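Student: I have a structure here, written as structure tokens, and I will follow up with some questions on it.
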Protein chains: 2
Amino acid sequence: MSTSPRQLKFGAILTGVGTAQNEWLHPEIPGDASIDIDWYRQQAQQAEAAKFDLIFIVDSPYITPDSAPHYLNRLEPLTLLSAVAGATSKIGLVATLTTSYTEPFNVARQFASLDLISGGRAGWNVVTTGLEGAAGNFGREQHIDHTERYRRAGEHLQVVQGLWDSYEDDAFVRDKQSGVFLDPQRQHRLDHQGEFFSVTGPLNIARSPQGQPVIFQAGISESGRNLAANFAEGIFAGVDNFEDARAYYQDIKQRTAAAGRNPDHVTILPGIAPIIADTDEQAQAIDRERHGELDLHKALVQLGRPFNYHDFSQYPLDEPFPDLGDLGSNGYRGHAEHIKHVAREQGLTLRQAAWRFAAPFSNFVGSPKTVADEIERWFVEGAVDGFNIRVGAPGEFARFTNEVLPLLRERGLFRSEYSHSTLRGHLGLPVPVNRHSAARVAQAVTVGEHLQAVGA
Amino acid sequence: MSTSPRQLKFGAILTGVGTAQNEWLHPEIPGDASIDIDWYRQQAQQAEAAKFDLIFIVDSPYITPDSAPHYLNRLEPLTLLSAVAGATSKIGLVATLTTSYTEPFNVARQFASLDLISGGRAGWNVVTTGLEGAAGNFGREQHIDHTERYRRAGEHLQVVQGLWDSYEDDAFVRDKQSGVFLDPQRQHRLDHQGEFFSVTGPLNIARSPQGQPVIFQAGISESGRNLAANFAEGIFAGVDNFEDARAYYQDIKQRTAAAGRNPDHVTILPGIAPIIADTDEQAQAIDRERHGELDLHKALVQLGRPFNYHDFSQYPLDEPFPDLGDLGSNGYRGHAEHIKHVAREQGLTLRQAAWRFAAPFSNFVGSPKTVADEIERWFVEGAVDGFNIRVGAPGEFARFTNEVLPLLRERGLFRSEYSHSTLRGHLGLPVPVNRHSAARVAQAVTVGEHLQAVGA
């Protein structure tokens, strides 16, 4: 066994009833899996036993009656992960929450609380909400414009991270002898005044063992990539082939460096759904069989989602993908642009586009060795830092953890044991120094002052 | 042992480091108790072993450097209780959340999720936030006016309860044979348009085993009492003597009846902090000794809290309680009015008012028998339906559970075993019928239609 200094990172996207169109019909998956906390606890434990870096919960705050099963009925991510925290001890816990329809003060408290509850394992997947209908659940006639959403997201994040620095590490003295609970010099107001938010602070919760929760992002539009370059420490990107993944990877790493950050401090983990069988032929047969059972109408609904549930049933199926003009630019813009671009470049019909984007074949299909080889190739050739594995049926996930991961371990590419107990530790991310402590250290002139400044 | 048809109800207010001024100095209480999830899990288990109805988490979204320790550093209530849910199986879980600085769609999801995670044990203590400084954490120059806060609270609650009825009980068919996941006829939009909120719905989470989370309220002002009469199923009221408690109890029950509701469906549980020792004399000595250690300056800060942290140190201590005019009417109005009223009626000096209201003696001090007698008197004579016990040091709570509760059980006043596993079950509250199912039943004309309408 060799060891590589660069190690694969793995996340498990726990999806309840599964995200593929007919996945909820799988005999191993209960119909109420998405609201069954024990289902999540067991899958989190399965992922932790396999030494995964994190589990990941996706989310969106709007549905229609036509929405797929995993959107219709599911637990809220923060309460879900707080409940899973007690059933696990090492694995990271990443929850999706929008910046478009939340208050930064509340968000900062929720994630800081999850971070303390879990002993430093919390991460926040920052999204801006791509569905226009969400506006109607939050008192707005119109969804916030895409550009404004991303400006708001950047400011929201600044406020949340500022609130997370309300207390220096040693602010809570808690000295029963002297009766001093808080050192008020190490509690800091924020007094943020910006375009979207004005927030005085301070927060009413101490820093966690990992300093601040880890920031994830999933944007693939221009605005999304820039937000990621400035803030993201992890990326859950929706790329669907090696070339796109590598181009995206290099672009993000370059933008991160250009923003003055260390590109190693952003971990890029696209979501994939491997299909594993004893042989490549068997795996391919499973993929084909499943694909053959899919419903075109449902695929058209799903295809419409990045375009704000645009009704694609109005177009002829076997003519070129329709010209949609600006449609989707205020929705999931990056996804919508990708679909339009590929459909145009490759001359896809609507039917082909529906299958391709809304009911795709898996990229990782084959024997355990084939899947491990493909994972290694993407990793070694600079397309990913690892993957987020979509978890549906436990038996299929077990094939990945029990048959693919050991091969990657033999190659020295993935851990056999945890060496840390925080999410930052797993991902090799530094613990952010509190900005106020940093300022005090910067102002200190002598060694003695420096030691006093850092509380040594 | 006799059994009474009317049974006492008990809640445990888990306070972390404790709410009394010097309680965090208690040798049994760790300085970081308020951010230690295991501390809460253990106390919840202690309360569940004693067959308590519920645990209760208070909250507020604003602090100053002078705030008491239990305000300064604490976990967020929804994440906290989601984490406690897995360490318990029967006890109710009640979290405080404000209607003034939250979105009903997010609140509905969080509590519905906690309710499903806990198997039907969630309750929401609805508050409007009494501290003007909170406005600054949520982008407002001024705190919402008291009257408007309560109008907003009523509408917020209407929206949340409407969203909780998005699905009839049998809406999620999940029939793998037919491939039907959702019966769209039993999913309902809300389409609420009101003074403060417009929310389309539907929610993206099914109903829980108790139908809807239980609504708690704590208001003692006129607006608070009216909100309670219309919505509350449990009340955590801050009354400090028997006469006031009885007057409040009768007033709330009358208002509830006048609002067309069954007064038995609102459970009134004032918060108390008993001091129990082997003898009455010993308990009284403990109370006196603790009181003698209190700090007048801290009591003045705490006295200022209902008046938006008004600075009482500017007034002479031994002259009559100052004339504050309207001060406090936009804060914790009910508390502020009560303090001003009692101080005037009884001719208290500022010093006397500080001790009386901000560092009070306990009402329930004595041997286990004395405390049990007093609890029985308040209950039998119509001042309470039970109590919320403030839990600080585990040893003191153990004296209550191990020495007082057995006496109440002998008298047939409190359960020895749980007979239900939901909070509604414990409190004797009906499971609310989904409004859309109710409408369908009401429209059904024949018996056959009725049975079909209820899905039988």
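Residues are named by chain letter and number: chains run A, B, ... in the order of the structure tokens, numbers start at 1 in each chain, and ligands are numbered from 1 in the order shown.
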Quick one: residues within 8 Å of Pro61 in chain A, only C-alpha atoms counted, chain neighbours fewer than 5 positions away excluded, as a PyMOL selection string?

Tutor: (chain A and resi 129+134+137) or (chain B and resi 204)

Student: Tell me which protein, DNA and RNA residues are within 10 Å of range 159-171 of chain B, counting only C-alpha atoms, leaving out same-chain ones fewer than 6 positions away, and put them as a VMD selection string.

Tutor: (chain A and resid 73) or (chain B and resid 103 to 109 111 to 112 153 181 to 194 197 to 209 211 to 213 215 432 to 438 454 to 455)

Student: Mind pulling up the distance from CA of Leu131 in chain A to CA of Gly331 in chain A?

Tutor: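 So the answer is 5.5 Å.
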
Student: Write out as a PDB file with C-alpha atoms, in the first residue's frame which residues come within 6 Å of range 270-283 of chain B when counting only C-alpha atoms, dropping same-chain ones fewer than 5 positions away.

Tutor:
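The resulting file, around_0.pdb, is shown below:
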```pdb
ATOM      1  CA  PHE B 236     -45.949  29.426  30.469  1.00  0.00           C
ATOM      2  CA  ALA B 237     -46.930  32.479  32.498  1.00  0.00           C
ATOM      3  CA  GLY B 238     -44.698  34.524  34.755  1.00  0.00           C
ATOM      4  CA  PHE B 364     -42.014  27.038  46.904  1.00  0.00           C
ATOM      5  CA  VAL B 365     -39.566  26.620  49.773  1.00  0.00           C
ATOM      6  CA  GLY B 366     -39.637  23.860  52.344  1.00  0.00           C
ATOM      7  CA  SER B 367     -39.610  20.170  53.002  1.00  0.00           C
ATOM      8  CA  PHE B 387     -45.946  23.985  36.808  1.00  0.00           C
ATOM      9  CA  ASN B 388     -42.868  24.503  34.738  1.00  0.00           C
ATOM     10  CA  ILE B 389     -39.948  23.725  37.022  1.00  0.00           C
ATOM     11  CA  ARG B 390     -36.769  25.735  36.396  1.00  0.00           C
TER      12      ARG B 390
END
```

Student: Identify, on the basis of only C-alpha atoms, every residue whose closest approach to range 376-380 of chain B does not exceed 8 Å; exclude the query and any residue fewer than 2 positions from it along the same chain; express the result as a ChimeraX atom specification.

Tutor: /B:8,242,246,372-374,382-386,408

Student: Within 8 Å of Val58 in chain A, counting only C-alpha atoms, which residues show up once you throw out same-chain ones fewer than 4 positions away? Write them as a PDB file with all heavy atoms, in the first residue's frame, please.

Tutor:
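Below you can see selection.pdb, which holds the result:
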```
ATOM      1  N   ILE A  13     -24.598  12.176  -0.174  1.00  0.00           N
ATOM      2  CA  ILE A  13     -25.827  12.975  -0.282  1.00  0.00           C
ATOM      3  C   ILE A  13     -26.983  12.077   0.132  1.00  0.00           C
ATOM      4  O   ILE A  13     -27.371  11.174  -0.613  1.00  0.00           O
ATOM      5  CB  ILE A  13     -26.033  13.464  -1.725  1.00  0.00           C
ATOM      6  CG1 ILE A  13     -24.791  14.197  -2.231  1.00  0.00           C
ATOM      7  CG2 ILE A  13     -27.258  14.370  -1.812  1.00  0.00           C
ATOM      8  CD1 ILE A  13     -24.839  14.522  -3.716  1.00  0.00           C
ATOM      9  N   THR A  15     -30.628  11.254   0.496  1.00  0.00           N
ATOM     10  CA  THR A  15     -31.762  11.791  -0.268  1.00  0.00           C
ATOM     11  C   THR A  15     -33.109  11.219   0.157  1.00  0.00           C
ATOM     12  O   THR A  15     -34.115  11.484  -0.495  1.00  0.00           O
ATOM     13  CB  THR A  15     -31.574  11.494  -1.766  1.00  0.00           C
ATOM     14  OG1 THR A  15     -31.582  10.074  -1.938  1.00  0.00           O
ATOM     15  CG2 THR A  15     -30.266  12.051  -2.291  1.00  0.00           C
ATOM     16  N   PRO A  77     -33.437  20.693   6.811  1.00  0.00           N
ATOM     17  CA  PRO A  77     -32.049  20.236   6.970  1.00  0.00           C
ATOM     18  C   PRO A  77     -31.395  20.483   8.335  1.00  0.00           C
ATOM     19  O   PRO A  77     -30.649  19.626   8.817  1.00  0.00           O
ATOM     20  CB  PRO A  77     -31.308  21.005   5.867  1.00  0.00           C
ATOM     21  CG  PRO A  77     -32.342  21.246   4.812  1.00  0.00           C
ATOM     22  CD  PRO A  77     -33.608  21.489   5.571  1.00  0.00           C
ATOM     23  N   ALA A  95     -25.623  21.189   5.650  1.00  0.00           N
ATOM     24  CA  ALA A  95     -27.033  21.488   5.370  1.00  0.00           C
ATOM     25  C   ALA A  95     -27.137  22.626   4.362  1.00  0.00           C
ATOM     26  O   ALA A  95     -26.395  23.601   4.432  1.00  0.00           O
ATOM     27  CB  ALA A  95     -27.746  21.886   6.654  1.00  0.00           C
ATOM     28  N   THR A  96     -28.086  22.485   3.453  1.00  0.00           N
ATOM     29  CA  THR A  96     -28.384  23.525   2.472  1.00  0.00           C
ATOM     30  C   THR A  96     -29.371  24.527   3.068  1.00  0.00           C
ATOM     31  O   THR A  96     -30.361  24.135   3.681  1.00  0.00           O
ATOM     32  CB  THR A  96     -28.995  22.868   1.221  1.00  0.00           C
ATOM     33  OG1 THR A  96     -28.055  21.934   0.699  1.00  0.00           O
ATOM     34  CG2 THR A  96     -29.327  23.909   0.166  1.00  0.00           C
TER      35      THR A  96
END
```
